[in-house]
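The data block below is model08.cif; it holds mmCIF, C-alpha atoms.
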data_coords
#
loop_
_atom_site.group_PDB
_atom_site.id
_atom_site.type_symbol
_atom_site.label_atom_id
_atom_site.label_comp_id
_atom_site.auth_asym_id
_atom_site.auth_seq_id
_atom_site.Cartn_x
_atom_site.Cartn_y
_atom_site.Cartn_z
ATOM 1 C CA MET A 454 6.516 -35.393 27.699
ATOM 2 C CA ALA A 455 6.131 -37.455 24.562
ATOM 3 C CA LEU A 456 8.198 -36.580 21.557
ATOM 4 C CA LEU A 457 6.055 -34.520 19.256
ATOM 5 C CA PRO A 458 6.676 -33.141 15.840
ATOM 6 C CA THR A 459 6.994 -29.350 15.687
ATOM 7 C CA GLY A 460 3.952 -27.494 16.903
ATOM 8 C CA SER A 461 2.565 -26.537 13.542
ATOM 9 C CA ALA A 462 2.560 -30.103 12.312
ATOM 10 C CA MET A 463 -0.150 -30.773 14.878
ATOM 11 C CA ALA A 464 -2.387 -28.003 13.639
ATOM 12 C CA GLN A 465 -5.741 -29.303 12.531
ATOM 13 C CA THR A 466 -7.504 -26.115 11.601
ATOM 14 C CA VAL A 467 -7.146 -24.257 8.328
ATOM 15 C CA GLY A 468 -7.060 -20.531 7.707
ATOM 16 C CA PHE A 469 -10.025 -18.526 6.472
ATOM 17 C CA ALA A 470 -8.571 -18.186 2.974
ATOM 18 C CA ASP A 471 -8.048 -21.926 2.632
ATOM 19 C CA ALA A 472 -11.538 -22.641 3.925
ATOM 20 C CA ILE A 473 -13.351 -20.177 1.689
ATOM 21 C CA ARG A 474 -11.324 -21.261 -1.344
ATOM 22 C CA ILE A 475 -13.084 -24.626 -1.085
ATOM 23 C CA LEU A 476 -16.382 -22.798 -1.470
ATOM 24 C CA SER A 477 -15.343 -21.015 -4.660
ATOM 25 C CA SER A 478 -13.672 -24.050 -6.208
ATOM 26 C CA SER A 479 -16.408 -26.563 -5.364
ATOM 27 C CA CYS A 480 -19.441 -24.275 -5.585
ATOM 28 C CA GLY A 481 -18.272 -21.485 -7.898
ATOM 29 C CA ASN A 482 -20.340 -22.741 -10.828
ATOM 30 C CA ASP A 483 -23.440 -23.284 -8.718
ATOM 31 C CA ILE A 484 -23.084 -19.865 -7.142
ATOM 32 C CA GLY A 485 -22.891 -18.425 -10.662
ATOM 33 C CA LYS A 486 -26.054 -20.295 -11.640
ATOM 34 C CA TYR A 487 -28.271 -20.034 -8.574
ATOM 35 C CA CYS A 488 -26.895 -17.181 -6.474
ATOM 36 C CA LYS A 489 -26.420 -14.389 -8.981
ATOM 37 C CA LYS A 490 -27.561 -11.676 -6.608
ATOM 38 C CA GLU A 491 -26.120 -13.003 -3.383
ATOM 39 C CA ASN A 492 -22.956 -11.664 -1.829
ATOM 40 C CA LEU A 493 -20.336 -13.341 0.327
ATOM 41 C CA GLY A 494 -21.262 -11.427 3.477
ATOM 42 C CA ASN A 495 -24.284 -11.755 5.754
ATOM 43 C CA ASN A 496 -24.652 -15.474 5.151
ATOM 44 C CA GLU A 497 -26.264 -14.830 1.760
ATOM 45 C CA ILE A 498 -24.325 -17.441 -0.205
ATOM 46 C CA THR A 499 -24.735 -20.126 2.451
ATOM 47 C CA GLN A 500 -28.486 -19.574 2.588
ATOM 48 C CA CYS A 501 -28.785 -19.490 -1.190
ATOM 49 C CA LEU A 502 -26.909 -22.776 -1.565
ATOM 50 C CA GLN A 503 -29.093 -24.275 1.128
ATOM 51 C CA ALA A 504 -32.250 -23.147 -0.672
ATOM 52 C CA ASN A 505 -31.019 -24.682 -3.914
ATOM 53 C CA GLU A 506 -29.565 -27.813 -2.350
ATOM 54 C CA SER A 507 -31.300 -30.280 -4.688
ATOM 55 C CA LYS A 508 -29.920 -28.597 -7.795
ATOM 56 C CA LEU A 509 -26.296 -28.341 -6.684
ATOM 57 C CA SER A 510 -23.455 -30.316 -8.169
ATOM 58 C CA GLN A 511 -22.352 -33.311 -6.182
ATOM 59 C CA GLN A 512 -19.036 -31.657 -5.426
ATOM 60 C CA CYS A 513 -20.674 -28.521 -4.075
ATOM 61 C CA ARG A 514 -23.176 -30.451 -2.011
ATOM 62 C CA ALA A 515 -20.387 -32.490 -0.496
ATOM 63 C CA ASP A 516 -18.157 -29.516 0.298
ATOM 64 C CA LYS A 517 -20.377 -26.567 1.200
ATOM 65 C CA ASP A 518 -21.072 -27.663 4.757
ATOM 66 C CA ARG A 519 -17.424 -28.502 5.294
ATOM 67 C CA VAL A 520 -16.535 -24.860 4.611
ATOM 68 C CA GLY A 521 -18.794 -23.737 7.436
ATOM 69 C CA VAL A 522 -17.322 -26.363 9.737
ATOM 70 C CA LEU A 523 -13.761 -25.288 8.927
ATOM 71 C CA LEU A 524 -14.587 -21.641 9.647
ATOM 72 C CA GLN A 525 -16.224 -22.632 12.929
ATOM 73 C CA GLU A 526 -13.227 -24.695 13.945
ATOM 74 C CA ARG A 527 -10.927 -21.734 13.413
ATOM 75 C CA PHE A 528 -13.235 -19.403 15.374
ATOM 76 C CA ALA A 529 -13.398 -21.938 18.191
ATOM 77 C CA ALA A 530 -9.614 -22.344 18.177
ATOM 78 C CA GLN A 531 -9.181 -18.580 18.461
ATOM 79 C CA ALA A 532 -11.683 -18.386 21.274
ATOM 80 C CA ALA A 533 -9.871 -21.150 23.177
ATOM 81 C CA VAL A 534 -6.460 -19.475 23.283
ATOM 82 C CA GLY A 535 -7.141 -17.271 26.302
ATOM 83 C CA LYS A 536 -8.073 -20.176 28.509
ATOM 84 C CA THR A 537 -5.466 -22.639 27.258
ATOM 85 C CA CYS A 538 -2.693 -20.067 27.555
ATOM 86 C CA ASP A 539 -3.905 -18.473 30.781
ATOM 87 C CA ARG A 540 -1.149 -19.911 32.958
ATOM 88 C CA ASP A 541 1.554 -19.101 30.413
ATOM 89 C CA ILE A 542 0.261 -15.562 30.108
ATOM 90 C CA GLN A 543 0.412 -15.179 33.903
ATOM 91 C CA GLN A 544 3.928 -16.552 33.935
ATOM 92 C CA PHE A 545 5.516 -14.863 30.917
ATOM 93 C CA CYS A 546 3.404 -11.867 29.972
ATOM 94 C CA LYS A 547 2.043 -10.604 33.252
ATOM 95 C CA LEU A 548 3.398 -7.094 32.817
ATOM 96 C CA VAL A 549 2.172 -6.676 29.267
ATOM 97 C CA LYS A 550 -0.661 -4.223 28.802
ATOM 98 C CA PRO A 551 -3.773 -6.112 27.700
ATOM 99 C CA GLY A 552 -5.506 -5.329 24.419
ATOM 100 C CA ASN A 553 -4.496 -4.841 20.793
ATOM 101 C CA GLY A 554 -2.843 -8.243 20.593
ATOM 102 C CA TYR A 555 0.027 -7.198 22.913
ATOM 103 C CA VAL A 556 -0.348 -10.191 25.209
ATOM 104 C CA LEU A 557 -0.584 -12.649 22.332
ATOM 105 C CA ARG A 558 2.489 -11.139 20.714
ATOM 106 C CA CYS A 559 4.331 -11.607 23.990
ATOM 107 C CA ILE A 560 3.225 -15.250 24.077
ATOM 108 C CA LEU A 561 4.407 -15.694 20.486
ATOM 109 C CA LYS A 562 7.838 -14.370 21.436
ATOM 110 C CA ALA A 563 8.003 -16.601 24.465
ATOM 111 C CA LYS A 564 7.439 -19.720 22.357
ATOM 112 C CA PRO A 565 10.465 -21.684 23.616
ATOM 113 C CA SER A 566 9.294 -21.297 27.218
ATOM 114 C CA VAL A 567 5.574 -21.598 26.667
ATOM 115 C CA SER A 568 3.758 -24.872 27.375
ATOM 116 C CA ASN A 569 3.076 -27.268 24.516
ATOM 117 C CA ALA A 570 -0.644 -26.931 25.002
ATOM 118 C CA CYS A 571 -0.501 -23.165 24.666
ATOM 119 C CA ASN A 572 1.820 -23.299 21.656
ATOM 120 C CA GLN A 573 -0.516 -25.733 20.008
ATOM 121 C CA ALA A 574 -3.523 -23.527 20.746
ATOM 122 C CA ILE A 575 -1.690 -20.612 19.140
ATOM 123 C CA ASP A 576 -1.036 -22.723 16.041
ATOM 124 C CA LEU A 577 -4.633 -23.884 15.825
ATOM 125 C CA ALA A 578 -5.797 -20.272 16.057
ATOM 126 C CA GLY A 579 -3.591 -19.252 13.132
ATOM 127 C CA TYR A 580 -1.866 -16.644 15.272
ATOM 128 C CA ARG A 581 1.723 -17.481 14.405
ATOM 129 C CA MET B 163 -17.563 0.166 -23.114
ATOM 130 C CA LYS B 164 -17.705 1.054 -19.492
ATOM 131 C CA THR B 165 -16.136 -1.893 -17.830
ATOM 132 C CA SER B 166 -16.553 -2.639 -14.197
ATOM 133 C CA LEU B 167 -14.554 -1.001 -11.514
ATOM 134 C CA PHE B 168 -11.658 -2.393 -9.559
ATOM 135 C CA LEU B 169 -10.684 -5.421 -11.571
ATOM 136 C CA SER B 170 -13.400 -6.551 -13.904
ATOM 137 C CA ALA B 171 -13.852 -10.061 -15.072
ATOM 138 C CA GLY B 172 -13.608 -10.675 -18.769
ATOM 139 C CA THR B 173 -10.847 -10.043 -21.211
ATOM 140 C CA ALA B 174 -9.321 -6.945 -19.690
ATOM 141 C CA ALA B 175 -8.849 -8.693 -16.369
ATOM 142 C CA ALA B 176 -7.643 -11.879 -18.007
ATOM 143 C CA VAL B 177 -4.957 -9.982 -19.891
ATOM 144 C CA LEU B 178 -3.920 -8.102 -16.810
ATOM 145 C CA VAL B 179 -3.704 -11.200 -14.697
ATOM 146 C CA SER B 180 -1.651 -13.109 -17.242
ATOM 147 C CA SER B 181 0.758 -10.235 -17.772
ATOM 148 C CA LEU B 182 1.306 -9.920 -14.059
ATOM 149 C CA ALA B 183 1.466 -13.620 -13.387
ATOM 150 C CA PHE B 184 5.231 -13.673 -13.179
ATOM 151 C CA ALA B 185 5.746 -10.346 -11.493
ATOM 152 C CA GLN B 186 3.153 -10.898 -8.828
ATOM 153 C CA THR B 187 3.231 -13.884 -6.557
ATOM 154 C CA LYS B 188 0.175 -15.167 -4.745
ATOM 155 C CA LEU B 189 -1.287 -12.809 -2.196
ATOM 156 C CA SER B 190 0.035 -13.816 1.180
ATOM 157 C CA ARG B 191 -1.224 -13.155 4.656
ATOM 158 C CA ASP B 192 2.253 -12.252 5.844
ATOM 159 C CA ASP B 193 2.740 -9.656 3.097
ATOM 160 C CA ILE B 194 -0.427 -7.936 4.253
ATOM 161 C CA ILE B 195 0.724 -8.082 7.867
ATOM 162 C CA THR B 196 4.169 -6.703 7.035
ATOM 163 C CA SER B 197 2.709 -3.815 5.069
ATOM 164 C CA LEU B 198 0.039 -2.915 7.600
ATOM 165 C CA GLN B 199 1.631 -3.434 10.985
ATOM 166 C CA GLY B 200 3.542 -0.868 12.976
ATOM 167 C CA ALA B 201 0.974 1.871 13.467
ATOM 168 C CA GLN B 202 1.814 3.451 16.794
ATOM 169 C CA THR B 203 -1.070 5.686 17.693
ATOM 170 C CA LYS B 204 -4.481 6.558 16.448
ATOM 171 C CA VAL B 205 -4.529 8.796 13.408
ATOM 172 C CA GLU B 206 -6.884 11.738 13.479
ATOM 173 C CA ILE B 207 -8.774 10.953 10.335
ATOM 174 C CA SER B 208 -12.413 10.094 9.941
ATOM 175 C CA ALA B 209 -14.071 7.950 7.313
ATOM 176 C CA SER B 210 -16.998 10.325 6.992
ATOM 177 C CA GLU B 211 -14.672 13.256 6.417
ATOM 178 C CA LEU B 212 -12.920 11.321 3.675
ATOM 179 C CA ARG B 213 -16.225 10.404 2.010
ATOM 180 C CA GLN B 214 -17.286 14.020 2.232
ATOM 181 C CA GLN B 215 -14.096 15.226 0.599
ATOM 182 C CA ALA B 216 -14.607 12.893 -2.359
ATOM 183 C CA LEU B 217 -18.132 14.201 -2.837
ATOM 184 C CA GLU B 218 -17.005 17.818 -2.550
ATOM 185 C CA ASN B 219 -14.207 17.198 -5.016
ATOM 186 C CA ILE B 220 -16.801 16.413 -7.686
ATOM 187 C CA LYS B 221 -18.877 19.491 -6.861
ATOM 188 C CA LYS B 222 -15.963 21.834 -6.564
ATOM 189 C CA TYR B 223 -14.029 20.626 -9.606
ATOM 190 C CA PRO B 224 -16.628 19.249 -11.981
ATOM 191 C CA GLY B 225 -15.670 17.641 -15.257
ATOM 192 C CA ASP B 226 -15.023 14.235 -16.723
ATOM 193 C CA ASN B 227 -12.102 13.441 -14.477
ATOM 194 C CA ALA B 228 -10.845 14.686 -11.149
ATOM 195 C CA THR B 229 -8.169 17.358 -11.478
ATOM 196 C CA GLN B 230 -7.304 17.860 -7.819
ATOM 197 C CA PRO B 231 -6.142 15.408 -5.181
ATOM 198 C CA LEU B 232 -8.292 15.155 -2.072
ATOM 199 C CA PRO B 233 -7.125 17.375 0.802
ATOM 200 C CA LEU B 234 -6.529 14.233 2.910
ATOM 201 C CA ALA B 235 -4.535 12.456 0.202
ATOM 202 C CA GLY B 236 -1.152 13.500 1.560
ATOM 203 C CA LYS B 237 -1.977 12.307 5.045
ATOM 204 C CA LEU B 238 -3.359 8.996 3.779
ATOM 205 C CA ALA B 239 -0.188 8.381 1.790
ATOM 206 C CA THR B 240 1.885 8.431 4.983
ATOM 207 C CA LEU B 241 -0.095 5.609 6.586
ATOM 208 C CA ARG B 242 0.647 1.868 6.561
ATOM 209 C CA GLN B 243 -1.269 0.371 3.657
ATOM 210 C CA PHE B 244 -1.700 -2.450 1.206
ATOM 211 C CA ASN B 245 -3.451 -2.744 -2.159
ATOM 212 C CA VAL B 246 -5.490 -5.768 -3.137
ATOM 213 C CA GLU B 247 -7.462 -6.651 -6.237
ATOM 214 C CA ILE B 248 -10.944 -7.971 -5.782
ATOM 215 C CA THR B 249 -13.235 -8.697 -8.697
ATOM 216 C CA PHE B 250 -16.903 -7.790 -8.738
ATOM 217 C CA ASP B 251 -19.768 -8.368 -11.115
ATOM 218 C CA PHE B 252 -20.234 -5.678 -13.712
ATOM 219 C CA ASP B 253 -21.922 -2.568 -12.234
ATOM 220 C CA SER B 254 -22.515 -4.459 -9.017
ATOM 221 C CA ALA B 255 -21.163 -4.827 -5.488
ATOM 222 C CA ARG B 256 -21.331 -8.598 -5.704
ATOM 223 C CA ILE B 257 -17.920 -10.105 -5.027
ATOM 224 C CA ARG B 258 -17.048 -12.797 -7.547
ATOM 225 C CA PRO B 259 -16.359 -16.251 -6.069
ATOM 226 C CA ALA B 260 -12.888 -16.093 -7.603
ATOM 227 C CA SER B 261 -12.078 -13.343 -5.093
ATOM 228 C CA TYR B 262 -13.436 -15.050 -1.974
ATOM 229 C CA GLU B 263 -9.977 -16.327 -1.215
ATOM 230 C CA THR B 264 -8.542 -12.815 -1.318
ATOM 231 C CA VAL B 265 -11.099 -11.633 1.215
ATOM 232 C CA GLY B 266 -10.182 -14.688 3.295
ATOM 233 C CA VAL B 267 -6.485 -13.789 3.187
ATOM 234 C CA ILE B 268 -7.324 -10.309 4.463
ATOM 235 C CA ALA B 269 -9.354 -11.908 7.256
ATOM 236 C CA ASP B 270 -6.457 -14.213 8.135
ATOM 237 C CA ALA B 271 -4.177 -11.185 8.429
ATOM 238 C CA LEU B 272 -6.592 -9.054 10.456
ATOM 239 C CA HIS B 273 -7.164 -11.865 12.956
ATOM 240 C CA THR B 274 -3.498 -12.170 13.876
ATOM 241 C CA PRO B 275 -2.083 -10.558 17.031
ATOM 242 C CA TYR B 276 0.018 -8.320 14.755
ATOM 243 C CA LEU B 277 -3.019 -6.396 13.502
ATOM 244 C CA MET B 278 -5.497 -7.075 16.269
ATOM 245 C CA GLY B 279 -7.227 -4.053 17.793
ATOM 246 C CA GLN B 280 -6.131 -1.663 15.098
ATOM 247 C CA LYS B 281 -8.506 0.233 12.894
ATOM 248 C CA PHE B 282 -8.491 -0.067 9.117
ATOM 249 C CA PHE B 283 -10.129 1.746 6.269
ATOM 250 C CA VAL B 284 -11.247 -0.454 3.399
ATOM 251 C CA VAL B 285 -11.046 2.025 0.541
ATOM 252 C CA GLY B 286 -12.542 1.245 -2.854
ATOM 253 C CA HIS B 287 -11.276 2.944 -6.008
ATOM 254 C CA THR B 288 -12.387 2.824 -9.621
ATOM 255 C CA ASP B 289 -10.793 3.837 -12.876
ATOM 256 C CA ALA B 290 -12.019 7.016 -14.564
ATOM 257 C CA LYS B 291 -14.432 5.418 -17.026
ATOM 258 C CA GLY B 292 -18.010 6.480 -16.491
ATOM 259 C CA LYS B 293 -19.560 9.194 -14.393
ATOM 260 C CA ARG B 294 -17.752 10.307 -11.269
ATOM 261 C CA GLU B 295 -20.853 10.340 -9.067
ATOM 262 C CA TYR B 296 -21.730 6.849 -10.219
ATOM 263 C CA ASN B 297 -18.232 5.564 -9.592
ATOM 264 C CA LEU B 298 -18.218 7.130 -6.158
ATOM 265 C CA ASP B 299 -21.440 5.362 -5.225
ATOM 266 C CA LEU B 300 -20.418 2.012 -6.716
ATOM 267 C CA SER B 301 -17.031 2.053 -4.996
ATOM 268 C CA GLN B 302 -18.724 2.764 -1.660
ATOM 269 C CA ARG B 303 -21.091 -0.170 -2.137
ATOM 270 C CA ARG B 304 -18.183 -2.401 -3.073
ATOM 271 C CA ALA B 305 -16.133 -1.332 -0.080
ATOM 272 C CA ASP B 306 -19.226 -1.993 2.067
ATOM 273 C CA ALA B 307 -19.551 -5.486 0.565
ATOM 274 C CA ILE B 308 -15.950 -6.316 1.475
ATOM 275 C CA ARG B 309 -16.413 -4.985 4.986
ATOM 276 C CA ASP B 310 -19.651 -6.958 5.343
ATOM 277 C CA ALA B 311 -17.933 -10.180 4.294
ATOM 278 C CA LEU B 312 -15.027 -9.542 6.681
ATOM 279 C CA ILE B 313 -17.201 -8.817 9.701
ATOM 280 C CA THR B 314 -19.892 -11.475 9.097
ATOM 281 C CA THR B 315 -18.397 -14.448 7.247
ATOM 282 C CA PHE B 316 -14.977 -14.033 8.857
ATOM 283 C CA ARG B 317 -15.949 -12.299 12.108
ATOM 284 C CA VAL B 318 -13.439 -9.494 12.060
ATOM 285 C CA PRO B 319 -14.648 -7.147 14.826
ATOM 286 C CA ALA B 320 -16.872 -4.543 13.158
ATOM 287 C CA GLU B 321 -15.307 -1.647 15.060
ATOM 288 C CA GLN B 322 -11.982 -2.381 13.385
ATOM 289 C CA LEU B 323 -13.220 -1.628 9.880
ATOM 290 C CA GLU B 324 -14.612 1.379 8.044
ATOM 291 C CA ALA B 325 -15.612 1.208 4.400
ATOM 292 C CA VAL B 326 -14.900 4.209 2.200
ATOM 293 C CA GLY B 327 -15.560 4.551 -1.518
ATOM 294 C CA LEU B 328 -13.479 7.167 -3.289
ATOM 295 C CA GLY B 329 -14.633 6.423 -6.840
ATOM 296 C CA GLU B 330 -12.200 7.909 -9.323
ATOM 297 C CA GLU B 331 -11.264 10.836 -7.078
ATOM 298 C CA GLN B 332 -7.920 9.375 -6.028
ATOM 299 C CA LEU B 333 -6.404 7.681 -9.052
ATOM 300 C CA ARG B 334 -3.298 5.644 -8.588
ATOM 301 C CA ASP B 335 -2.083 6.608 -12.050
ATOM 302 C CA PRO B 336 -3.579 10.022 -12.954
ATOM 303 C CA LYS B 337 -1.680 10.042 -16.265
ATOM 304 C CA ASN B 338 -3.584 6.941 -17.329
ATOM 305 C CA PRO B 339 -6.998 7.551 -15.792
ATOM 306 C CA ASN B 340 -8.643 4.591 -17.527
ATOM 307 C CA SER B 341 -5.932 2.110 -16.640
ATOM 308 C CA GLU B 342 -6.766 -1.022 -14.643
ATOM 309 C CA VAL B 343 -4.151 -0.117 -12.046
ATOM 310 C CA ASN B 344 -6.565 2.490 -10.764
ATOM 311 C CA ARG B 345 -9.109 -0.141 -9.782
ATOM 312 C CA ARG B 346 -8.089 -1.337 -6.385
ATOM 313 C CA VAL B 347 -8.996 -1.849 -2.789
ATOM 314 C CA GLN B 348 -6.701 -0.168 -0.324
ATOM 315 C CA LEU B 349 -6.394 -1.333 3.244
ATOM 316 C CA ILE B 350 -5.143 1.543 5.352
ATOM 317 C CA ASN B 351 -4.113 1.257 8.984
ATOM 318 C CA VAL B 352 -5.432 4.259 10.900
ATOM 319 C CA GLY B 353 -4.066 3.100 14.239
ATOM 320 C CA PHE B 354 -5.316 1.972 17.597
ATOM 321 C CA ASP B 355 -8.699 2.905 18.930
ATOM 322 C CA GLN B 356 -7.672 3.302 22.528
#

Starting from the coordinates I provided, produce the structure as structure tokens.
Amino acid sequence: MALLPTGSAMAQTVGFADAIRILSSSCGNDIGKYCKKENLGNNEITQCLQANESKLSQQCRADKDRVGVLLQERFAAQAAVGKTCDRDIQQFCKLVKPGNGYVLRCILKAKPSVSNACNQAIDLAGYR
Amino acid sequence: MKTSLFLSAGTAAAVLVSSLAFAQTKLSRDDIITSLQGAQTKVEISASELRQQALENIKKYPGDNATQPLPLAGKLATLRQFNVEITFDFDSARIRPASYETVGVIADALHTPYLMGQKFFVVGHTDAKGKREYNLDLSQRRADAIRDALITTFRVPAEQLEAVGLGEEQLRDPKNPNSEVNRRVQLINVGFDQ
């Protein structure tokens, strides 16, 4: 096995807070101007920015799609954990009752024994 | 002037934020987790019952301000919880972009294995300015807006969250009913579903 930096240094996804902060910092002014009625939920802001694309600041236009991509990457990373960690779960957490995050918490505790791939998947998912 | 509920934008909020700047560090995911985790079993408490109690409190004890705590207040106080400040437009349930990050931090916390599968009430509170019925309705719409953002934008499983608006019926500081500290969003862990 190659020498790798600690697991978290390999993480390439960002958390939801860090992702959405890009939206408010890059598009906050445009949202204030063009999306006065729209709320964060139900895709309202994204659709509003899309509809007003031509009027947006350069910064907002450059960053708004990146926010969506970052959120998607985190969702995908979370969805991938079960498969990537399947063997480790069988090996280290077989007796743990499934549901409510019990199995993942077991995998977190077993970090020193768990495979690099699984540990990395856990980092990418933001579970640690 | 009737300022907005929870934290308003504008001068009042600016003053509050600057005065707390040193006492309060940045909201962290792990602080939320630490405060909310550890619920063992499901709590017998329903969101609709809580909403109903707030409404009945206004009917039963009318007047400018609430004089009685809600019957469920004692039980709620025993549960794992965390207060956050989220700013909204004046008289509106529209979350200000400045608070998107806060909603994101809550989402980060709820997605972790430490809080996964547990059920949470998102409870909106106002200060005592304005009419109680109005505040009750506005706080419900604001709690709904936070829940909507959490379950759509951040894909927190919908069954994990219930939105409850309590208006000014459960003040944090009843001696100072108009104080900003009363405007808040409480996250309350009501335990596991199964």

Restrict the distance test to all atoms listed in the file, flag each residue of chain B within 7 Å of chain A, and return the flagged residues as a list in words. Arg256, Ile257, Pro259, Ala260, Tyr262, Glu263, Thr264, Gly266, Val267, Ala269, Asp270, Thr274, Pro275, Tyr276, Met278, Gly279, Gln280, Ala307, Asp310, Ala311, Thr314 and Thr315 of chain B

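Residues lying within 10 Å of Tyr487 (chain A), counting all atoms listed in the file and ignoring same-chain neighbours fewer than 4 positions away, are Asn482, Asp483, Glu491, Ile498, Cys501, Leu502, Ala504, Asn505, Lys508 and Leu509 of chain A.
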
With C-alpha atoms retained, could you export that selection as a tab-separated table (two decimals), in the frame of the given file?
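Everything below was put into part.tsv:
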chain	number	residue	atom	x	y	z
A	482	ASN	CA	-20.34	-22.74	-10.83
A	483	ASP	CA	-23.44	-23.28	-8.72
A	491	GLU	CA	-26.12	-13.00	-3.38
A	498	ILE	CA	-24.32	-17.44	-0.20
A	501	CYS	CA	-28.78	-19.49	-1.19
A	502	LEU	CA	-26.91	-22.78	-1.56
A	504	ALA	CA	-32.25	-23.15	-0.67
A	505	ASN	CA	-31.02	-24.68	-3.91
A	508	LYS	CA	-29.92	-28.60	-7.80
A	509	LEU	CA	-26.30	-28.34	-6.68

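Across the model, the gap from CA of Glu331 (chain B) to CA of Ile207 (chain B) is 17.6 Å.
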
For region 291-302 of chain B, list every protein, DNA or RNA residue within 8 Å, evaluated using only C-alpha atoms, and leave out those in the same chain fewer than 2 positions away; present the list as JSON, numbers by chain. {"B": [164, 165, 167, 216, 217, 220, 226, 227, 253, 254, 255, 286, 287, 288, 289, 304, 305, 306, 325, 326, 327, 328, 329, 330, 331, 339, 340]}

The PyMOL selection byres ((chain A and resi 571) around 10) on the file shown: which residues, as a list of chain:residue names? A:Gly460, A:Ala533, A:Val534, A:Gly535, A:Lys536, A:Thr537, A:Cys538, A:Asp539, A:Arg540, A:Asp541, A:Ile542, A:Ile560, A:Leu561, A:Lys564, A:Val567, A:Ser568, A:Asn569, A:Ala570, A:Asn572, A:Gln573, A:Ala574, A:Ile575, A:Asp576, A:Leu577

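Atom pair CA of Glu526 (chain A) / CA of Arg317 (chain B): separated by 12.8 Å.
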
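This file, filtered with the PyMOL selection byres ((chain B and resi 283) around 10), gives the residues Ser208, Ala209, Gln243, Lys281, Phe282, Val284, Val285, Gly286, Ala305, Arg309, Gln322, Leu323, Glu324, Ala325, Val326, Gly327, Val347, Gln348, Leu349, Ile350, Asn351 and Val352 of chain B.
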
Please produce a file of the residues just selected, as a PDB file, in the frame of the given file, where the atoms kept are C-alpha atoms.
ATOM      1  CA  SER B 208     -12.413  10.094   9.941  1.00  0.00           C
ATOM      2  CA  ALA B 209     -14.071   7.950   7.313  1.00  0.00           C
ATOM      3  CA  GLN B 243      -1.269   0.371   3.657  1.00  0.00           C
ATOM      4  CA  LYS B 281      -8.506   0.233  12.894  1.00  0.00           C
ATOM      5  CA  PHE B 282      -8.491  -0.067   9.117  1.00  0.00           C
ATOM      6  CA  VAL B 284     -11.247  -0.454   3.399  1.00  0.00           C
ATOM      7  CA  VAL B 285     -11.046   2.025   0.541  1.00  0.00           C
ATOM      8  CA  GLY B 286     -12.542   1.245  -2.854  1.00  0.00           C
ATOM      9  CA  ALA B 305     -16.133  -1.332  -0.080  1.00  0.00           C
ATOM     10  CA  ARG B 309     -16.413  -4.985   4.986  1.00  0.00           C
ATOM     11  CA  GLN B 322     -11.982  -2.381  13.385  1.00  0.00           C
ATOM     12  CA  LEU B 323     -13.220  -1.628   9.880  1.00  0.00           C
ATOM     13  CA  GLU B 324     -14.612   1.379   8.044  1.00  0.00           C
ATOM     14  CA  ALA B 325     -15.612   1.208   4.400  1.00  0.00           C
ATOM     15  CA  VAL B 326     -14.900   4.209   2.200  1.00  0.00           C
ATOM     16  CA  GLY B 327     -15.560   4.551  -1.518  1.00  0.00           C
ATOM     17  CA  VAL B 347      -8.996  -1.849  -2.789  1.00  0.00           C
ATOM     18  CA  GLN B 348      -6.701  -0.168  -0.324  1.00  0.00           C
ATOM     19  CA  LEU B 349      -6.394  -1.333   3.244  1.00  0.00           C
ATOM     20  CA  ILE B 350      -5.143   1.543   5.352  1.00  0.00           C
ATOM     21  CA  ASN B 351      -4.113   1.257   8.984  1.00  0.00           C
ATOM     22  CA  VAL B 352      -5.432   4.259  10.900  1.00  0.00           C
TER      23      VAL B 352
END

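Between CA of Val265 (chain B) and CA of Asn245 (chain B) there is a distance of 12.2 Å.
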
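With distances taken over all atoms listed in the file, B:Pro319 is the one residue among B:Ser341, B:Pro319, B:Leu234, B:Arg346 lying closest to Leu272 (chain B).
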
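The smallest atom-to-atom distance between Ser566 (chain A) and any of A:Ser507, A:Leu523, A:Val549, A:Gln544, using only C-alpha atoms, is found for A:Gln544.
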
Which centre and which edge lengths, in Å to one decimal, describe the axis-aligned box that holds all listed atoms of region 574-577 of chain A after 4 Å is added on each side, as JSON?
{"center_x": -2.8, "center_y": -22.2, "center_z": 18.3, "size_x": 11.6, "size_y": 11.3, "size_z": 12.9}

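Remark: for Val520 (chain A), the closest of the candidate residues B:Arg303, B:Asp251, B:Ser190, B:Phe316 is B:Phe316 (distances computed over all atoms listed in the file).
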
Nearby residues, (3.1, -0.8, 10.6) file frame, 10 Å, all atoms listed in the file, as a VMD selection string: chain B and resid 195 to 202 241 to 243 276 to 277 351 to 353
